[in-house]
Structures are given as structure tokens and as C-alpha cells.
>>> print(open('protein-v4.cif').read())   # mmCIF, C-alpha atoms
data_model
loop_
_atom_site.label_atom_id
_atom_site.label_comp_id
_atom_site.auth_asym_id
_atom_site.auth_seq_id
_atom_site.Cartn_x
_atom_site.Cartn_y
_atom_site.Cartn_z
CA MET A 1 52.89 162.77 129.67
CA HIS A 2 54.94 165.81 130.62
CA PRO A 3 53.29 167.43 133.67
CA ASN A 4 54.41 171.00 132.91
CA PRO A 5 51.20 173.06 132.40
CA ALA A 6 53.06 175.32 129.95
CA PHE A 7 53.00 172.46 127.47
CA ARG A 8 49.39 171.32 127.99
CA SER A 9 46.28 172.31 126.07
CA GLU A 10 42.51 172.03 126.31
CA ASP A 11 42.04 172.82 122.61
CA HIS A 12 39.99 169.85 121.39
CA ASP A 13 39.84 171.29 117.88
CA ARG A 14 43.64 171.05 117.83
CA PHE A 15 43.46 167.45 119.06
CA GLU A 16 41.03 166.56 116.27
CA ALA A 17 43.24 168.29 113.71
CA MET A 18 46.25 166.32 114.93
CA ILE A 19 44.39 163.01 114.73
CA SER A 20 43.18 163.87 111.24
CA ALA A 21 46.55 165.12 109.96
CA ILE A 22 48.62 162.21 111.31
CA GLY A 23 46.04 159.43 111.09
CA PHE A 24 48.26 156.81 112.70
CA GLY A 25 48.99 155.90 116.30
CA MET A 26 49.54 153.24 118.88
CA VAL A 27 46.96 151.41 120.99
CA PHE A 28 48.21 150.12 124.35
CA LEU A 29 46.52 147.48 126.47
CA THR A 30 47.52 145.30 129.39
CA THR A 31 46.49 141.74 128.52
CA PRO A 32 46.66 138.56 130.61
CA ASP A 33 49.92 137.87 128.76
CA GLY A 34 51.38 141.28 129.62
CA PRO A 35 51.39 144.73 128.02
CA ARG A 36 50.81 144.93 124.28
CA VAL A 37 50.84 147.67 121.65
CA ALA A 38 49.33 147.80 118.17
CA HIS A 39 50.31 150.31 115.50
CA VAL A 40 47.17 151.30 113.60
CA PRO A 41 45.53 153.85 111.32
CA LEU A 42 43.04 155.92 113.32
CA LEU A 43 39.95 157.89 112.40
CA SER A 44 38.05 160.25 114.66
CA TYR A 45 34.28 160.41 114.35
CA GLY A 46 34.04 163.35 116.75
CA GLY A 47 33.03 163.54 120.39
CA GLY A 48 35.95 161.36 121.47
CA ASP A 49 34.97 158.42 119.23
CA ILE A 50 38.24 157.07 117.79
CA ARG A 51 38.03 153.98 115.57
CA PHE A 52 40.56 151.45 114.32
CA HIS A 53 40.85 147.84 113.25
CA LEU A 54 43.21 144.99 114.03
CA ALA A 55 43.88 141.55 112.64
CA ARG A 56 41.83 138.94 114.48
CA THR A 57 45.11 137.14 115.14
CA ASN A 58 46.58 140.17 116.97
CA ALA A 59 47.30 139.30 120.62
CA MET A 60 45.25 142.32 121.75
CA THR A 61 42.10 141.59 119.75
CA PRO A 62 40.37 139.15 122.16
CA HIS A 63 40.96 141.48 125.13
CA LEU A 64 39.96 144.91 123.83
CA ALA A 65 36.16 144.92 123.96
CA GLY A 66 35.03 146.12 127.39
CA ALA A 67 38.55 147.13 128.45
CA ARG A 68 40.12 150.54 128.98
CA ALA A 69 42.89 151.30 126.54
CA LEU A 70 45.35 154.06 125.76
CA ILE A 71 45.99 155.53 122.32
CA THR A 72 48.95 157.76 121.52
CA ILE A 73 49.63 159.87 118.46
CA ASN A 74 53.05 161.37 117.92
CA GLY A 75 53.67 164.61 116.09
CA PRO A 76 57.09 165.94 115.16
CA ASP A 77 59.97 165.75 117.64
CA GLY A 78 63.62 166.66 117.76
CA TYR A 79 66.74 167.60 119.66
CA VAL A 80 67.11 171.20 120.85
CA SER A 81 70.67 172.42 121.35
CA PRO A 82 71.69 175.04 123.93
CA ARG A 83 73.68 176.69 121.11
CA TRP A 84 70.38 178.35 120.10
CA TYR A 85 69.64 179.74 123.61
CA ASP A 86 70.37 183.19 124.98
CA ASN A 87 72.18 181.50 127.87
CA ARG A 88 74.29 178.48 126.93
CA ASP A 89 74.89 177.60 130.60
CA THR A 90 72.14 174.95 130.58
CA VAL A 91 71.50 171.52 129.05
CA PRO A 92 69.93 170.21 125.82
CA THR A 93 66.31 169.13 125.62
CA TRP A 94 63.90 167.45 123.23
CA ASP A 95 60.84 169.22 121.84
CA TYR A 96 57.83 167.22 120.68
CA ALA A 97 54.10 167.08 120.15
CA ALA A 98 52.14 164.08 121.41
CA LEU A 99 48.58 163.22 122.33
CA GLU A 100 47.46 160.50 124.74
CA MET A 101 43.82 159.41 124.79
CA GLU A 102 42.32 156.99 127.29
CA GLY A 103 38.88 155.44 127.35
CA ALA A 104 36.57 152.45 127.17
CA VAL A 105 36.66 150.19 124.13
CA ARG A 106 33.78 148.48 122.36
CA SER A 107 33.66 146.22 119.33
CA LEU A 108 32.31 147.52 116.04
CA ASP A 109 29.60 145.48 114.36
CA ASP A 110 30.08 144.42 110.75
CA ALA A 111 28.26 147.45 109.33
CA GLU A 112 30.33 149.86 111.42
CA LEU A 113 33.55 148.08 110.43
CA GLU A 114 32.58 148.22 106.76
CA THR A 115 31.96 151.96 107.11
CA LEU A 116 35.30 152.44 108.87
CA LEU A 117 37.20 150.65 106.09
CA HIS A 118 35.57 152.76 103.39
CA ASP A 119 36.21 155.93 105.40
CA VAL A 120 39.89 155.02 105.85
CA ILE A 121 40.27 154.37 102.12
CA GLU A 122 38.47 157.58 101.16
CA THR A 123 40.43 159.66 103.68
CA PHE A 124 43.91 158.49 102.76
CA GLU A 125 43.37 157.98 99.03
CA GLY A 126 42.10 161.57 99.00
CA ARG A 127 45.52 162.79 100.13
CA LEU A 128 47.31 161.31 97.12
CA GLU A 129 47.75 162.85 93.69
CA GLY A 130 46.03 161.30 90.69
CA ASP A 131 43.19 158.84 90.32
CA ALA A 132 42.12 157.33 93.63
CA TRP A 133 42.01 153.59 94.17
CA LEU A 134 38.43 152.53 94.91
CA ALA A 135 37.29 149.78 97.24
CA SER A 136 35.14 148.51 94.36
CA GLU A 137 38.36 147.50 92.58
CA SER A 138 38.77 144.76 95.17
CA SER A 139 36.85 141.63 94.20
CA GLU A 140 34.16 140.31 96.52
CA ARG A 141 36.30 137.23 97.17
CA VAL A 142 39.32 139.29 98.20
CA TRP A 143 37.35 141.89 100.17
CA SER A 144 35.24 139.39 102.12
CA GLY A 145 38.26 137.18 102.80
CA LEU A 146 40.23 140.06 104.27
CA PHE A 147 37.17 141.42 106.08
CA ARG A 148 36.75 138.14 107.97
CA GLY A 149 40.34 138.44 109.16
CA ILE A 150 39.93 141.75 111.01
CA ALA A 151 38.02 143.19 113.95
CA GLY A 152 36.99 146.82 114.42
CA PHE A 153 36.95 148.83 117.63
CA SER A 154 35.90 152.19 118.97
CA ILE A 155 37.43 153.88 121.98
CA THR A 156 35.35 156.54 123.71
CA VAL A 157 37.97 158.96 124.96
CA ASP A 158 37.27 160.46 128.37
CA LYS A 159 40.83 161.45 129.28
CA TRP A 160 42.91 163.61 126.95
CA ARG A 161 46.58 164.14 127.84
CA PRO A 162 48.32 166.34 125.26
CA THR A 163 51.83 167.67 125.36
CA PHE A 164 52.96 170.37 122.95
CA LYS A 165 56.52 171.01 124.16
CA LEU A 166 57.67 173.46 121.50
CA SER A 167 59.97 175.89 123.35
CA GLN A 168 56.99 178.15 124.07
CA HIS A 169 58.45 178.97 127.51
CA LYS A 170 61.20 180.92 125.71
CA ASN A 171 60.83 184.54 124.62
CA ALA A 172 59.70 185.16 121.03
CA GLU A 173 63.16 186.05 119.68
CA GLU A 174 64.81 183.04 121.29
CA ARG A 175 62.06 180.69 120.18
CA ALA A 176 62.41 181.94 116.60
CA ARG A 177 66.15 181.27 116.75
CA ILE A 178 65.53 177.76 118.11
CA ALA A 179 63.03 177.07 115.31
CA ASP A 180 65.55 178.29 112.73
CA GLY A 181 68.23 176.04 114.24
CA VAL A 182 65.90 173.04 114.26
CA GLU A 183 64.98 173.68 110.63
CA GLN A 184 68.63 174.05 109.57
CA ALA A 185 69.30 170.73 111.33
CA GLY A 186 66.84 169.10 108.93
CA ASN A 187 63.66 169.08 111.02
CA ALA A 188 61.40 171.46 109.11
CA GLU A 189 58.18 169.92 110.44
CA LEU A 190 59.10 170.51 114.09
CA ALA A 191 60.20 174.07 113.25
CA LYS A 192 56.82 174.63 111.61
CA TRP A 193 54.99 173.54 114.75
CA MET A 194 57.27 175.72 116.90
CA ARG A 195 56.32 178.71 114.75
CA GLY A 196 52.63 177.96 115.25
CA GLU A 197 52.17 176.85 111.65
CA GLY A 198 51.61 173.16 112.41
CA THR A 199 48.49 171.33 113.46
#
>>> encode(input="protein-v4.cif", output="C-alpha cells")
Amino acid sequence: MHPNPAFRSEDHDRFEAMISAIGFGMVFLTTPDGPRVAHVPLLSYGGGDIRFHLARTNAMTPHLAGARALITINGPDGYVSPRWYDNRDTVPTWDYAALEMEGAVRSLDDAELETLLHDVIETFEGRLEGDAWLASESSERVWSGLFRGIAGFSITVDKWRPTFKLSQHKNAEERARIADGVEQAGNAELAKWMRGEGT
């Protein structure tokens, strides 16, 4: 991650809010067959306990338990043009929000995996308008068949590496102009984060 301390944070409440708001990330692991990445929904259970599931056929699945892995979550990102700076005698950059989390992985038992699946459904169905789909609408045959095809994991995060590179090293007037430019370029979510209105 970007080493500039101006873009770092120790705000764990903000990390939890980002995990909750985005809910999707990438798990990285070096396996005997080389580096692998899985793109997965993520839920935080607090205290650095991040949980996810993978297909049993995923190349990472047999190697995760007992390993150290890296999870990343990406927030908004976008190009920043020098046209929005006080001094145009510079170069463009890219602003972004990202969170890296590293820690030891353990397997979830069946009860924990069942709980995770219901929590994922409840969390993300709850963000949609209208009547929620319920896990009970899945027949026992379908549910148990799919359940046997997945494995659940928990990573206990002990290293947090956030970067919130949102032009905060600029003065307030310049940063506001950059946010306006980013928004006019079609990136309202990044502009929102730059104004301090994002997660």
C-alpha cells in the first residue's frame, strides 16, 4: 500500500464501515501452484474476524486453513487532472480508497458456515427494496447440495494497511475544486469520499 502517512489511518471504526458498506473483496494466497486470488463477499464479525466462503473446487480452498492470507477491499478510485490544481506545472495522479488486511486463516465448522450464509443473505437482502428473499425459500435438497459444495473461512486480521488517498494534502479550496472536477467527470462516489461524506 501507499507508504505516505498522509493517506494512512488508524480509525478501525472507519475500516469496519468500509467492510460493511462494500461487502466484497479479494483474498490472496500463495499456494504450491503459485499465487491465487478469490473474489468473495465478506462479512466482519468485529475484532478483526472477517469471514467468507469459497467453492470446494477453488484452487485456494485446500491451502487456506492454517495459512496467512491477505484480503483487500477497494473503495472508489479515479483519475485526478492537474487542470483542477492551483499550479498546473505538475503531473496527474489517481485518488483511491483501499484497505488491506492480513492474518491467519482457520476453517469454519458447519454451524459457523451455516450462520455465515444466513448472515450474508440477511445483510444483502436487507439493502434491497421490496420483499426480501428468505433462505427458507430454498428447498432442503437445493440448500444441502450447495452447502456441501462450499467451505467457510475466518481470517483473524492482525495487520491493517489502509490507504485513503483523497487529495487531503491539498488546501481546502483546492481539494473542493478537485472533488467538483471529479464529480463532473462522472465519479460522484469518489468526490463524496473526498468531501468526507463517504465511508
>>> residues_around(input="protein-v4.cif", residues="Asp33 in chain A", least_positions_apart="4", cutoff="12 Å", atoms="all atoms listed in the file", output="list of chain:residue names")
A:Leu29, A:Ala59, A:Met60, A:Pro62, A:His63
>>> resolve_selection(input="protein-v4.cif", expression="the PyMOL selection byres ((chain A and resi 77) around 12)", output="count of residues only")
30
>>> residues_around(input="protein-v4.cif", residues="Leu54 in chain A", least_positions_apart="4", cutoff="8 Å", atoms="only C-alpha atoms", output="VMD selection string")
chain A and resid 38 40 58 61 150 to 152
>>> write_last_selection(input="protein-v4.cif", atoms="C-alpha atoms", output="JSON list (two decimals), in the frame of the given file")
[["chain", "number", "residue", "atom", "x", "y", "z"],
["A", 38, "ALA", "CA", 49.33, 147.80, 118.17],
["A", 40, "VAL", "CA", 47.17, 151.30, 113.60],
["A", 58, "ASN", "CA", 46.58, 140.17, 116.97],
["A", 61, "THR", "CA", 42.10, 141.59, 119.75],
["A", 150, "ILE", "CA", 39.93, 141.75, 111.01],
["A", 151, "ALA", "CA", 38.02, 143.19, 113.95],
["A", 152, "GLY", "CA", 36.99, 146.82, 114.42]]
>>> closest_residue(input="protein-v4.cif", among="A:Glu137, A:Glu174, A:Asp158, A:Asp180", to="Tyr85 in chain A", atoms="only C-alpha atoms")
A:Glu174
>>> resolve_selection(input="protein-v4.cif", expression="the PyMOL selection byres ((chain A and resi 67) around 6)", output="PyMOL selection string")
chain A and resi 64-66+68+104-105
>>> write_last_selection(input="protein-v4.cif", atoms="C-alpha atoms", output="mmCIF file, keeping the file's coordinate frame")
data_model
loop_
_atom_site.group_PDB
_atom_site.id
_atom_site.type_symbol
_atom_site.label_atom_id
_atom_site.label_comp_id
_atom_site.auth_asym_id
_atom_site.auth_seq_id
_atom_site.Cartn_x
_atom_site.Cartn_y
_atom_site.Cartn_z
ATOM 1 C CA LEU A 64 39.960 144.910 123.830
ATOM 2 C CA ALA A 65 36.160 144.920 123.960
ATOM 3 C CA GLY A 66 35.030 146.120 127.390
ATOM 4 C CA ARG A 68 40.120 150.540 128.980
ATOM 5 C CA ALA A 104 36.570 152.450 127.170
ATOM 6 C CA VAL A 105 36.660 150.190 124.130
#
>>> atom_distance(input="protein-v4.cif", atom1="CA of Ser107 in chain A", atom2="CA of Ser154 in chain A")
6.4 Å
>>> atom_distance(input="protein-v4.cif", atom1="CA of Asp119 in chain A", atom2="CA of Trp160 in chain A")
23.8 Å
>>> atom_distance(input="protein-v4.cif", atom1="CA of Arg148 in chain A", atom2="CA of Leu108 in chain A")
13.1 Å
>>> residues_around(input="protein-v4.cif", residues="Gly181 in chain A", least_positions_apart="4", cutoff="8 Å", atoms="only C-alpha atoms", output="MDAnalysis selection string")
chainID A and resid 84 177 185
>>> residues_around(input="protein-v4.cif", residues="Glu10 in chain A", least_positions_apart="3", cutoff="10 Å", atoms="all atoms listed in the file", output="MDAnalysis selection string")
chainID A and resid 13:15 160:162
>>> residues_around(input="protein-v4.cif", residues="Thr156 in chain A", least_positions_apart="6", cutoff="6 Å", atoms="all atoms listed in the file", output="CSV table (one decimal) with C-alpha atoms, in the coordinates of the input")
chain,number,residue,atom,x,y,z
A,48,GLY,CA,36.0,161.4,121.5
A,49,ASP,CA,35.0,158.4,119.2
A,103,GLY,CA,38.9,155.4,127.4
A,104,ALA,CA,36.6,152.4,127.2
>>> closest_residue(input="protein-v4.cif", among="A:Arg88, A:Tyr45, A:Leu146, A:Leu70", to="Glu112 in chain A", atoms="all atoms listed in the file")
A:Tyr45
>>> decode(input="protein-v4.cif", residues="range 75-163 of chain A", atoms="C-alpha atoms", output="JSON list (two decimals), in the first residue's frame")
[["chain", "number", "residue", "atom", "x", "y", "z"],
["A", 75, "GLY", "CA", -13.40, 1.78, -2.41],
["A", 76, "PRO", "CA", -13.89, 4.40, -5.11],
["A", 77, "ASP", "CA", -10.98, 5.46, -7.31],
["A", 78, "GLY", "CA", -10.36, 7.81, -10.19],
["A", 79, "TYR", "CA", -8.08, 9.99, -12.26],
["A", 80, "VAL", "CA", -7.16, 13.43, -10.92],
["A", 81, "SER", "CA", -6.22, 16.03, -13.53],
["A", 82, "PRO", "CA", -3.75, 18.87, -12.90],
["A", 83, "ARG", "CA", -6.35, 21.16, -14.54],
["A", 84, "TRP", "CA", -8.02, 21.28, -11.09],
["A", 85, "TYR", "CA", -4.81, 22.29, -9.23],
["A", 86, "ASP", "CA", -3.65, 25.76, -8.23],
["A", 87, "ASN", "CA", -0.37, 25.01, -10.02],
["A", 88, "ARG", "CA", -0.70, 23.12, -13.31],
["A", 89, "ASP", "CA", 3.09, 22.63, -13.53],
["A", 90, "THR", "CA", 2.86, 19.08, -12.14],
["A", 91, "VAL", "CA", 1.56, 15.67, -13.24],
["A", 92, "PRO", "CA", -1.75, 13.78, -12.95],
["A", 93, "THR", "CA", -2.42, 11.29, -10.18],
["A", 94, "TRP", "CA", -5.00, 8.72, -9.13],
["A", 95, "ASP", "CA", -7.01, 9.05, -5.92],
["A", 96, "TYR", "CA", -8.46, 5.95, -4.25],
["A", 97, "ALA", "CA", -9.55, 4.28, -1.06],
["A", 98, "ALA", "CA", -8.36, 0.75, -0.30],
["A", 99, "LEU", "CA", -7.95, -1.49, 2.72],
["A", 100, "GLU", "CA", -5.51, -4.39, 3.05],
["A", 101, "MET", "CA", -5.94, -6.89, 5.89],
["A", 102, "GLU", "CA", -3.51, -9.68, 6.70],
["A", 103, "GLY", "CA", -3.86, -12.51, 9.16],
["A", 104, "ALA", "CA", -4.13, -16.19, 9.99],
["A", 105, "VAL", "CA", -6.91, -18.26, 8.44],
["A", 106, "ARG", "CA", -8.95, -21.04, 10.01],
["A", 107, "SER", "CA", -11.76, -23.19, 8.65],
["A", 108, "LEU", "CA", -15.32, -22.62, 9.79],
["A", 109, "ASP", "CA", -17.22, -25.62, 11.09],
["A", 110, "ASP", "CA", -20.60, -26.45, 9.58],
["A", 111, "ALA", "CA", -22.56, -24.46, 12.18],
["A", 112, "GLU", "CA", -20.39, -21.38, 11.67],
["A", 113, "LEU", "CA", -20.69, -21.68, 7.89],
["A", 114, "GLU", "CA", -24.47, -22.01, 8.15],
["A", 115, "THR", "CA", -24.56, -18.86, 10.29],
["A", 116, "LEU", "CA", -22.33, -17.01, 7.80],
["A", 117, "LEU", "CA", -24.60, -17.90, 4.88],
["A", 118, "HIS", "CA", -27.71, -16.69, 6.70],
["A", 119, "ASP", "CA", -25.91, -13.51, 7.78],
["A", 120, "VAL", "CA", -24.80, -12.81, 4.19],
["A", 121, "ILE", "CA", -28.35, -13.29, 2.91],
["A", 122, "GLU", "CA", -29.87, -11.13, 5.65],
["A", 123, "THR", "CA", -27.27, -8.39, 5.19],
["A", 124, "PHE", "CA", -27.51, -8.03, 1.43],
["A", 125, "GLU", "CA", -31.22, -8.77, 1.04],
["A", 126, "GLY", "CA", -31.77, -6.03, 3.62],
["A", 127, "ARG", "CA", -30.22, -3.49, 1.26],
["A", 128, "LEU", "CA", -32.77, -4.14, -1.49],
["A", 129, "GLU", "CA", -36.21, -2.61, -1.88],
["A", 130, "GLY", "CA", -39.30, -4.77, -1.51],
["A", 131, "ASP", "CA", -39.88, -8.19, -0.03],
["A", 132, "ALA", "CA", -36.67, -9.97, 0.91],
["A", 133, "TRP", "CA", -35.83, -13.41, -0.41],
["A", 134, "LEU", "CA", -35.57, -15.84, 2.50],
["A", 135, "ALA", "CA", -33.22, -18.78, 2.84],
["A", 136, "SER", "CA", -36.28, -20.87, 3.73],
["A", 137, "GLU", "CA", -37.43, -20.49, 0.11],
["A", 138, "SER", "CA", -34.57, -22.77, -0.90],
["A", 139, "SER", "CA", -35.55, -26.43, -0.63],
["A", 140, "GLU", "CA", -33.58, -28.71, 1.68],
["A", 141, "ARG", "CA", -32.33, -30.61, -1.37],
["A", 142, "VAL", "CA", -31.02, -27.48, -3.06],
["A", 143, "TRP", "CA", -29.63, -25.89, 0.12],
["A", 144, "SER", "CA", -27.82, -29.01, 1.34],
["A", 145, "GLY", "CA", -26.47, -29.76, -2.13],
["A", 146, "LEU", "CA", -24.97, -26.30, -2.47],
["A", 147, "PHE", "CA", -23.81, -26.31, 1.16],
["A", 148, "ARG", "CA", -21.72, -29.43, 0.55],
["A", 149, "GLY", "CA", -20.00, -27.66, -2.34],
["A", 150, "ILE", "CA", -18.55, -24.78, -0.29],
["A", 151, "ALA", "CA", -16.09, -24.22, 2.54],
["A", 152, "GLY", "CA", -16.11, -21.34, 5.02],
["A", 153, "PHE", "CA", -13.13, -19.48, 6.45],
["A", 154, "SER", "CA", -12.29, -16.84, 9.00],
["A", 155, "ILE", "CA", -9.23, -14.62, 8.86],
["A", 156, "THR", "CA", -8.10, -13.03, 12.11],
["A", 157, "VAL", "CA", -6.66, -9.73, 10.97],
["A", 158, "ASP", "CA", -3.56, -8.60, 12.83],
["A", 159, "LYS", "CA", -2.18, -6.21, 10.20],
["A", 160, "TRP", "CA", -4.34, -3.42, 8.79],
["A", 161, "ARG", "CA", -2.92, -1.40, 5.88],
["A", 162, "PRO", "CA", -5.38, 1.28, 4.75],
["A", 163, "THR", "CA", -4.85, 3.95, 2.15]]
